[in-house]
file model_12.tsv (TSV, C-alpha atoms)
chain	number	residue	atom	x	y	z
A	1	MET	CA	21.44	-3.52	-5.88
A	2	ARG	CA	24.78	-1.75	-6.01
A	3	ALA	CA	25.85	-3.37	-2.76
A	4	ALA	CA	24.93	-6.81	-4.10
A	5	LEU	CA	26.87	-6.26	-7.33
A	6	ALA	CA	29.84	-4.88	-5.43
A	7	GLY	CA	29.78	-7.86	-3.08
A	8	THR	CA	29.67	-10.26	-6.02
A	9	THR	CA	32.61	-8.52	-7.68
A	10	GLY	CA	34.61	-8.45	-4.46
A	11	ASN	CA	33.94	-12.13	-3.90
A	12	ALA	CA	35.24	-12.95	-7.40
A	13	VAL	CA	38.40	-10.93	-6.81
A	14	LEU	CA	38.94	-12.66	-3.47
A	15	MET	CA	38.43	-16.09	-5.01
A	16	GLY	CA	40.88	-15.19	-7.76
A	17	VAL	CA	43.57	-14.02	-5.35
A	18	ALA	CA	43.07	-17.12	-3.18
A	19	GLU	CA	43.08	-19.34	-6.29
A	20	VAL	CA	39.81	-20.98	-5.28
A	21	GLY	CA	38.39	-23.11	-8.07
A	22	THR	CA	35.48	-24.89	-6.36
A	23	PRO	CA	31.98	-23.75	-7.37
A	24	ILE	CA	30.86	-23.02	-3.81
A	25	GLY	CA	33.50	-20.32	-3.44
A	26	TRP	CA	32.23	-18.50	-6.53
A	27	VAL	CA	28.47	-18.83	-6.14
A	28	LEU	CA	27.78	-19.00	-2.38
A	29	LEU	CA	27.98	-15.27	-1.63
A	30	PRO	CA	26.27	-14.15	-4.88
A	31	GLY	CA	23.55	-16.71	-4.16
A	32	LEU	CA	22.95	-15.41	-0.65
A	33	LEU	CA	22.91	-11.81	-1.87
A	34	GLY	CA	20.52	-12.66	-4.68
A	35	VAL	CA	18.07	-14.73	-2.65
A	36	SER	CA	17.73	-11.97	-0.06
A	37	ALA	CA	16.93	-9.37	-2.75
A	38	ARG	CA	14.01	-8.82	-5.11
A	39	PRO	CA	13.72	-11.25	-8.05
A	40	ARG	CA	14.90	-8.66	-10.59
A	41	VAL	CA	17.94	-7.81	-8.50
A	42	ALA	CA	18.60	-11.51	-7.96
A	43	ALA	CA	18.57	-12.10	-11.73
A	44	LEU	CA	21.02	-9.24	-12.26
A	45	VAL	CA	23.35	-10.47	-9.50
A	46	SER	CA	23.18	-14.01	-10.85
A	47	ALA	CA	23.96	-12.82	-14.39
A	48	TRP	CA	26.92	-10.73	-13.21
A	49	ALA	CA	28.27	-13.65	-11.19
A	50	GLY	CA	27.94	-15.79	-14.32
A	51	VAL	CA	29.96	-13.26	-16.29
A	52	LEU	CA	32.70	-13.44	-13.68
A	53	VAL	CA	32.66	-17.24	-13.78
A	54	VAL	CA	32.98	-17.15	-17.57
A	55	ALA	CA	35.86	-14.72	-17.19
A	56	SER	CA	37.56	-17.21	-14.90
A	57	VAL	CA	37.27	-19.76	-17.68
A	58	LEU	CA	38.51	-17.53	-20.49
A	59	VAL	CA	41.35	-16.03	-18.46
A	60	PRO	CA	43.47	-18.91	-17.11
A	61	VAL	CA	43.96	-17.47	-13.65
A	62	ILE	CA	41.82	-19.93	-11.73
A	63	PRO	CA	42.25	-23.54	-12.86
A	64	GLY	CA	39.11	-24.89	-11.20
A	65	HIS	CA	36.40	-23.88	-13.71
A	66	ARG	CA	38.78	-24.15	-16.64
A	67	SER	CA	39.91	-27.69	-15.98
A	68	ASP	CA	36.73	-29.19	-14.53
A	69	PRO	CA	33.56	-29.03	-16.70
A	70	GLN	CA	31.49	-30.40	-13.84
A	71	ALA	CA	32.48	-27.44	-11.67
A	72	LEU	CA	31.35	-25.06	-14.42
A	73	LEU	CA	28.05	-26.93	-14.75
A	74	ALA	CA	27.47	-26.82	-10.98
A	75	SER	CA	28.12	-23.06	-10.90
A	76	THR	CA	25.75	-22.47	-13.83
A	77	LEU	CA	22.93	-24.46	-12.26
A	78	SER	CA	23.41	-22.76	-8.90
A	79	LEU	CA	23.30	-19.28	-10.38
A	80	THR	CA	20.24	-20.15	-12.46
A	81	ALA	CA	18.39	-21.21	-9.33
A	82	VAL	CA	19.06	-17.93	-7.47
A	83	PRO	CA	16.31	-15.80	-9.17
A	84	LEU	CA	13.82	-18.64	-8.77
A	85	LEU	CA	14.55	-18.92	-5.06
A	86	ALA	CA	14.25	-15.14	-4.67
A	87	TRP	CA	10.86	-15.19	-6.41
A	88	ALA	CA	9.64	-18.07	-4.24
A	89	ARG	CA	10.81	-16.32	-1.08
A	90	ARG	CA	9.10	-13.06	-2.01
A	91	ARG	CA	5.87	-14.82	-2.91
A	92	THR	CA	5.68	-16.60	0.43
A	93	ARG	CA	6.41	-13.42	2.40
A	94	THR	CA	4.13	-11.02	0.51
A	95	PRO	CA	0.72	-10.80	2.22
A	96	SER	CA	-2.18	-11.80	-0.01
A	97	VAL	CA	-5.40	-9.96	-0.77
A	98	SER	CA	-8.44	-12.20	-0.98
A	99	ARG	CA	-12.07	-11.52	-1.83
A	100	ALA	CA	-14.65	-12.43	0.76
A	101	ALA	CA	-17.93	-14.08	-0.17
A	102	GLY	CA	-20.95	-11.80	-0.27
A	103	PRO	CA	-23.61	-10.08	-2.37
A	104	THR	CA	-22.83	-9.28	-5.99
A	105	ASP	CA	-23.40	-5.54	-5.58
A	106	VAL	CA	-20.42	-5.11	-3.23
A	107	ALA	CA	-16.90	-6.53	-3.33
A	108	VAL	CA	-15.10	-7.01	-0.01
A	109	PHE	CA	-11.37	-7.66	0.01
A	110	THR	CA	-9.58	-8.86	3.12
A	111	VAL	CA	-5.90	-8.28	3.82
A	112	PRO	CA	-3.52	-8.71	6.78
A	113	ALA	CA	-3.04	-5.61	8.92
A	114	GLY	CA	-0.38	-6.01	11.58
A	115	PRO	CA	-1.30	-8.87	13.93
A	116	GLY	CA	-4.93	-8.49	12.82
A	117	SER	CA	-6.75	-8.01	9.55
A	118	ALA	CA	-8.63	-5.43	7.50
A	119	ALA	CA	-11.45	-5.41	4.96
A	120	LEU	CA	-12.07	-2.93	2.13
A	121	ALA	CA	-15.56	-2.82	0.62
A	122	VAL	CA	-16.10	-1.24	-2.81
A	123	CYS	CA	-19.35	-1.10	-4.74
A	124	GLY	CA	-18.76	1.09	-7.79
A	125	SER	CA	-20.58	4.14	-6.49
A	126	PRO	CA	-19.93	7.52	-8.16
A	127	GLY	CA	-16.56	9.04	-7.31
A	128	GLU	CA	-15.45	5.98	-5.34
A	129	ILE	CA	-11.72	5.67	-4.58
A	130	GLY	CA	-10.49	2.67	-2.63
A	131	ALA	CA	-7.15	0.88	-2.44
A	132	ALA	CA	-5.43	-1.35	0.11
A	133	VAL	CA	-1.75	-2.23	-0.24
A	134	PRO	CA	-0.29	-4.90	2.07
A	135	LEU	CA	3.29	-4.25	3.10
A	136	ARG	CA	6.06	-6.74	3.63
A	137	GLY	CA	6.28	-7.65	7.26
A	138	GLY	CA	2.53	-7.40	7.87
A	139	GLY	CA	1.79	-3.69	7.58
A	140	LEU	CA	-0.93	-2.02	5.51
A	141	LEU	CA	-1.52	1.24	3.65
A	142	ALA	CA	-5.06	2.06	2.58
A	143	LEU	CA	-6.82	4.87	0.73
A	144	VAL	CA	-10.53	5.62	1.11
A	145	GLY	CA	-12.00	8.61	-0.66
A	146	THR	CA	-14.35	10.35	-3.07
A	147	VAL	CA	-13.35	12.39	-6.12
A	148	THR	CA	-15.19	15.43	-7.42
A	149	GLY	CA	-14.84	16.91	-10.88
A	150	ALA	CA	-15.78	15.82	-14.39
A	151	ALA	CA	-12.21	14.88	-15.33
A	152	LEU	CA	-11.54	12.95	-12.12
A	153	ASP	CA	-14.83	11.14	-11.71
A	154	THR	CA	-14.23	8.86	-14.68
A	155	PRO	CA	-12.96	5.28	-14.76
A	156	ALA	CA	-9.62	6.51	-16.11
A	157	GLY	CA	-9.32	9.30	-13.54
A	158	ARG	CA	-10.18	7.10	-10.57
A	159	ARG	CA	-7.87	4.36	-11.81
A	160	ALA	CA	-5.01	6.85	-12.20
A	161	ILE	CA	-5.38	8.02	-8.60
A	162	GLU	CA	-5.52	4.48	-7.22
A	163	GLN	CA	-2.52	3.42	-9.29
A	164	THR	CA	-0.56	6.45	-8.07
A	165	PHE	CA	-1.31	5.46	-4.49
A	166	ARG	CA	-0.30	1.83	-5.04
A	167	ARG	CA	2.89	2.84	-6.81
A	168	HIS	CA	4.03	5.01	-3.90
A	169	ALA	CA	2.71	2.81	-1.07
A	170	ARG	CA	5.98	1.54	0.37
A	171	PRO	CA	6.95	0.49	3.91
A	172	ALA	CA	8.70	3.82	4.50
A	173	ALA	CA	5.84	5.96	3.13
A	174	SER	CA	3.88	7.98	5.70
A	175	PRO	CA	0.25	9.10	5.28
A	176	GLN	CA	1.42	12.72	5.01
A	177	ARG	CA	3.88	11.88	2.26
A	178	LEU	CA	1.26	9.92	0.33
A	179	ALA	CA	-1.15	12.81	0.74
A	180	GLY	CA	1.41	15.10	-0.88
A	181	VAL	CA	1.88	12.69	-3.78
A	182	LEU	CA	-1.88	12.39	-4.33
A	183	ASP	CA	-2.33	16.15	-4.01
A	184	GLN	CA	0.09	16.69	-6.90
A	185	ALA	CA	-1.50	13.87	-8.91
A	186	VAL	CA	-4.93	15.47	-8.58
A	187	ARG	CA	-3.56	18.81	-9.76
A	188	ASP	CA	-1.91	17.18	-12.76
A	189	LEU	CA	-5.01	15.19	-13.72
A	190	ALA	CA	-7.69	17.81	-13.19
A	191	PRO	CA	-6.95	21.30	-11.86
A	192	ALA	CA	-10.69	21.85	-11.37
A	193	GLY	CA	-11.25	18.68	-9.33
A	194	HIS	CA	-10.33	17.49	-5.85
A	195	LEU	CA	-10.14	14.35	-3.74
A	196	ARG	CA	-11.62	14.00	-0.27
A	197	ALA	CA	-9.74	11.09	1.23
A	198	THR	CA	-8.44	9.36	4.31
A	199	ILE	CA	-5.07	7.61	4.25
A	200	VAL	CA	-4.54	4.88	6.83
A	201	ARG	CA	-1.32	3.17	7.81
A	202	VAL	CA	-1.08	0.08	10.01
A	203	ASP	CA	2.40	-1.01	11.02
A	204	ARG	CA	3.48	-4.56	11.78
A	205	SER	CA	2.75	-4.14	15.48
A	206	GLY	CA	-0.85	-3.07	14.83
A	207	ALA	CA	-0.44	0.67	15.50
A	208	VAL	CA	-2.84	2.69	13.35
A	209	GLU	CA	-2.12	6.15	11.98
A	210	ALA	CA	-4.41	8.18	9.73
A	211	ALA	CA	-4.52	11.46	7.84
A	212	ARG	CA	-7.80	13.14	6.86
A	213	CYS	CA	-8.02	15.31	3.77
A	214	GLY	CA	-11.52	16.74	3.57
A	215	SER	CA	-13.08	13.43	4.64
A	216	PRO	CA	-15.27	12.35	7.58
A	217	ASP	CA	-13.70	11.47	10.90
A	218	LEU	CA	-12.65	7.89	11.56
A	219	ILE	CA	-14.72	5.58	13.74
A	220	THR	CA	-13.24	3.67	16.66
A	221	VAL	CA	-14.82	0.87	18.67
A	222	ALA	CA	-14.12	0.30	22.35
A	223	ALA	CA	-16.03	-2.57	23.91
A	224	ASP	CA	-19.28	-2.57	21.92
A	225	ARG	CA	-19.70	1.18	21.42
A	226	ALA	CA	-18.44	3.25	18.52
A	227	ALA	CA	-17.32	6.86	18.60
A	228	LEU	CA	-15.53	9.40	16.44
A	229	ALA	CA	-11.75	9.20	16.66
A	230	GLY	CA	-11.10	12.94	16.61
A	231	VAL	CA	-8.42	12.85	13.90
A	232	PRO	CA	-7.49	16.41	12.81
A	233	ALA	CA	-8.90	17.34	9.41
A	234	GLY	CA	-7.12	18.97	6.50
A	235	PRO	CA	-8.55	20.30	3.23
A	236	ALA	CA	-9.36	18.11	0.27
A	237	LEU	CA	-6.42	17.11	-1.91
A	238	GLY	CA	-6.06	19.47	-4.84
A	239	SER	CA	-8.24	22.14	-3.21
A	240	THR	CA	-5.48	24.43	-1.92
A	241	ARG	CA	-2.73	26.11	-3.91
A	242	PRO	CA	0.97	25.37	-3.39
A	243	ALA	CA	3.25	28.15	-2.19
A	244	GLY	CA	4.13	30.57	-4.97
A	245	SER	CA	1.34	29.51	-7.32
A	246	PRO	CA	-1.69	31.61	-8.30
A	247	ALA	CA	-4.90	30.90	-6.47
A	248	ARG	CA	-7.47	28.79	-8.23
A	249	ALA	CA	-11.00	30.04	-8.43
A	250	GLY	CA	-13.28	28.27	-6.03
A	251	SER	CA	-10.54	26.55	-4.04
A	252	ALA	CA	-11.64	28.15	-0.78
A	253	ALA	CA	-15.18	26.97	-1.34
A	254	ARG	CA	-14.04	23.42	-2.02
A	255	ALA	CA	-11.79	23.45	1.05
A	256	GLY	CA	-14.84	23.94	3.22
A	257	SER	CA	-17.23	21.76	1.26
A	258	THR	CA	-17.10	18.89	3.76
A	259	ALA	CA	-18.12	20.76	6.90
A	260	ARG	CA	-21.25	18.64	7.08
A	261	ALA	CA	-19.07	15.53	7.25
A	262	GLY	CA	-17.36	16.80	10.38
A	263	SER	CA	-14.19	18.18	8.75
A	264	THR	CA	-12.58	21.50	9.59
A	265	ALA	CA	-10.62	22.39	6.46
A	266	ARG	CA	-7.60	24.61	6.76
A	267	ALA	CA	-7.71	26.47	3.46
A	268	GLY	CA	-4.56	28.09	2.18
A	269	SER	CA	-2.16	25.54	3.60
A	270	ALA	CA	0.95	25.08	1.50
A	271	SER	CA	2.47	22.11	3.27
A	272	PRO	CA	2.75	18.71	1.54
A	273	GLY	CA	-0.58	16.97	1.38
A	274	GLY	CA	-2.57	20.19	1.78
A	275	GLY	CA	-1.98	20.39	5.53
A	276	ALA	CA	-2.95	16.83	6.42
A	277	THR	CA	-1.72	15.96	9.91
A	278	PRO	CA	-1.31	12.24	10.65
A	279	SER	CA	-2.66	11.19	13.99
A	280	PRO	CA	-2.60	7.88	15.90
A	281	VAL	CA	-5.90	6.05	16.21
A	282	THR	CA	-6.61	3.53	18.97
A	283	GLY	CA	-9.37	1.00	19.44
A	284	ARG	CA	-10.06	-2.67	18.96
A	285	ARG	CA	-11.64	-1.74	15.61
A	286	VAL	CA	-11.14	1.27	13.34
A	287	ALA	CA	-13.49	2.10	10.47
A	288	VAL	CA	-13.15	4.60	7.66
A	289	VAL	CA	-15.93	5.84	5.41
A	290	ALA	CA	-15.73	8.23	2.45
A	291	ALA	CA	-17.31	11.64	2.11
A	292	ALA	CA	-19.96	10.08	-0.14
A	293	PHE	CA	-21.17	8.10	2.89
A	294	ALA	CA	-21.71	11.27	4.91
A	295	ASP	CA	-23.32	12.98	1.92
A	296	ALA	CA	-25.75	10.09	1.43
A	297	HIS	CA	-26.76	9.80	5.09
A	298	GLY	CA	-26.78	13.54	5.79
A	299	GLU	CA	-26.73	14.70	9.38
A	300	ARG	CA	-27.75	11.23	10.51
A	301	TRP	CA	-24.51	9.55	9.41
A	302	VAL	CA	-23.15	9.51	12.96
A	303	ARG	CA	-26.19	7.55	14.14
A	304	VAL	CA	-25.18	4.51	12.13
A	305	LEU	CA	-21.77	4.24	13.77
A	306	ASP	CA	-22.74	1.48	16.19
A	307	GLN	CA	-23.23	-0.91	13.28
A	308	VAL	CA	-19.44	-0.99	12.96
A	309	ALA	CA	-19.35	-3.11	16.13
A	310	ALA	CA	-22.18	-5.39	15.07
A	311	ASP	CA	-20.08	-7.97	13.22
A	312	ASP	CA	-17.38	-10.26	14.53
A	313	ASP	CA	-15.18	-9.90	11.44
A	314	PRO	CA	-14.10	-6.77	9.58
A	315	ALA	CA	-15.50	-8.04	6.26
A	316	GLY	CA	-19.05	-8.08	7.59
A	317	ALA	CA	-18.68	-4.65	9.17
A	318	ALA	CA	-17.25	-3.14	5.96
A	319	ARG	CA	-20.08	-4.64	3.92
A	320	ARG	CA	-22.64	-3.28	6.39
A	321	LEU	CA	-21.20	0.23	6.12
A	322	THR	CA	-21.89	0.34	2.37
A	323	ARG	CA	-25.65	0.04	2.87
A	324	GLY	CA	-27.56	3.01	1.55
A	325	PRO	CA	-30.03	4.98	3.67
A	326	ARG	CA	-33.55	3.48	3.79
A	327	GLY	CA	-32.45	0.53	1.68
A	328	GLY	CA	-31.13	2.70	-1.13
A	329	ARG	CA	-28.12	2.15	-3.36
A	330	ARG	CA	-24.89	1.13	-1.67
A	331	THR	CA	-22.25	3.80	-1.09
A	332	GLY	CA	-18.57	3.01	-0.89
A	333	PRO	CA	-15.84	2.55	-0.18
A	334	ALA	CA	-15.56	1.51	3.46
A	335	LEU	CA	-12.53	0.23	5.34
A	336	VAL	CA	-12.62	-1.67	8.62
A	337	VAL	CA	-9.42	-2.56	10.48
A	338	ASP	CA	-9.06	-4.93	13.42
A	339	PRO	CA	-5.43	-4.15	14.32
A	340	GLY	CA	-5.15	-6.70	17.09
A	341	PRO	CA	-5.11	-10.49	16.81
A	342	PRO	CA	-8.51	-12.20	16.58
A	343	SER	CA	-10.20	-12.81	19.91
A	344	ARG	CA	-10.27	-16.44	21.08
A	345	ALA	CA	-13.22	-15.90	23.30
call {"tool": "encode", "arguments": {"input": "model_12.tsv", "output": "structure tokens"}}
result
Amino acid sequence: MRAALAGTTGNAVLMGVAEVGTPIGWVLLPGLLGVSARPRVAALVSAWAGVLVVASVLVPVIPGHRSDPQALLASTLSLTAVPLLAWARRRTRTPSVSRAAGPTDVAVFTVPAGPGSAALAVCGSPGEIGAAVPLRGGGLLALVGTVTGAALDTPAGRRAIEQTFRRHARPAASPQRLAGVLDQAVRDLAPAGHLRATIVRVDRSGAVEAARCGSPDLITVAADRAALAGVPAGPALGSTRPAGSPARAGSAARAGSTARAGSTARAGSASPGGGATPSPVTGRRVAVVAAAFADAHGERWVRVLDQVAADDDPAGAARRLTRGPRGGRRTGPALVVDPGPPSRA
């Protein structure tokens, strides 16, 4: 924003020194700077350029705008169009999230993920945390998890965590950085609660990176067989104490509460995000389930992995992963990512 305002000011000074009075000299550079920026920045740049144009009218240094009302009208209309063009450009470039058709007891949202696509299935199960944020350029950041604690496992608590993730999900944000942000958010919301979550990042080329925080391992599909990805596990967010702070009662127990889900918590870590270590994940399909999935299926949760490869599209696979054991209540959320372009076979 500062660079755009400085460029607009410098352009006005240059036009004044060169005694340029045509509208294109005054609005071309501010227009280009504004259209390439966010709509709010474009509106500010356009308004500042308008102030400079008005100054050129009030101060008789440049005769163009002062002596030609049509030139002033052309400049005004051009600057007014800049924020609208910036908004239109951003809308066309921002990936969209759409809801896939399906049963009423589960909602599946599809979103671009690099050259491929992803699907997030949510079904309103207890403690469910799920969010997918498309990034400009085709990337994706996603959060799949389960909260524990009376203060966290409420509509307000879950919404606060998801909103925190969405607010900080930016193209430059890494899974480890987001884990640190969520770790602090959990502590602020409920010192006695914690979040077992997996944070997934897909860049524009389709490379997948994930960080586990007290959650089950990711699932990868090669050919038609599924297997565990082997992503290193860290403790649940909010379950370990930061450096220099007093220990919280029961934190060690919570750090190891997901051993049944295949996690190896490193209690006592003081690094950002509770010790979560991002790791690359490869495969034609990557699936993420929450700790509630492993809790519901027990020791048999690994046996259902092959169903991830049973559907041609990620939406069907994500919906299938929410099925409860023995036809019981659905358990979510579930994320399925096909990072590569769709097969034409």
call {"tool": "closest_atom_pairs", "arguments": {"input": "model_12.tsv", "of": "range 84-156 of chain A", "to": "range 207-210 of chain A", "cutoff": "10 Å", "atoms": "only C-alpha atoms", "output": "Markdown table"}}
result
| residue | atom | partner | partner_atom | distance |
| --- | --- | --- | --- | --- |
| A:Ala113 | CA | A:Val208 | CA | 9.4 |
| A:Gly114 | CA | A:Ala207 | CA | 7.7 |
| A:Pro115 | CA | A:Ala207 | CA | 9.7 |
| A:Gly139 | CA | A:Ala207 | CA | 9.3 |
| A:Leu140 | CA | A:Val208 | CA | 9.3 |
| A:Leu141 | CA | A:Ala210 | CA | 9.7 |
| A:Ala142 | CA | A:Ala210 | CA | 9.4 |
| A:Leu143 | CA | A:Ala210 | CA | 9.9 |
call {"tool": "residues_near_point", "arguments": {"input": "model_12.tsv", "point": "(23.3, -5.1, -2.9)", "cutoff": "10 Å", "atoms": "all atoms listed in the file", "output": "list in words"}}
result
Met1, Arg2, Ala3, Ala4, Leu5, Ala6, Gly7, Thr8, Pro30, Leu33, Gly34, Ser36, Ala37, Val41, Ala42 and Val45 of chain A
call {"tool": "atom_distance", "arguments": {"input": "model_12.tsv", "atom1": "CA of Val337 in chain A", "atom2": "CA of Gly193 in chain A"}}
result
29.1 Å
call {"tool": "residues_near_point", "arguments": {"input": "model_12.tsv", "point": "(-7.1, 13.6, 10.0)", "cutoff": "12 Å", "atoms": "all atoms listed in the file", "output": "PyMOL selection string"}}
result
chain A and resi 175-176+179+196-200+209-219+228-236+262-266+273-281+288
call {"tool": "closest_residue", "arguments": {"input": "model_12.tsv", "among": "A:Ala287, A:Val144, A:Ala132, A:Ala88", "to": "Phe109 in chain A", "atoms": "all atoms listed in the file"}}
result
A:Ala132
call {"tool": "atom_distance", "arguments": {"input": "model_12.tsv", "atom1": "CA of Pro314 in chain A", "atom2": "CA of Gly327 in chain A"}}
result
21.3 Å
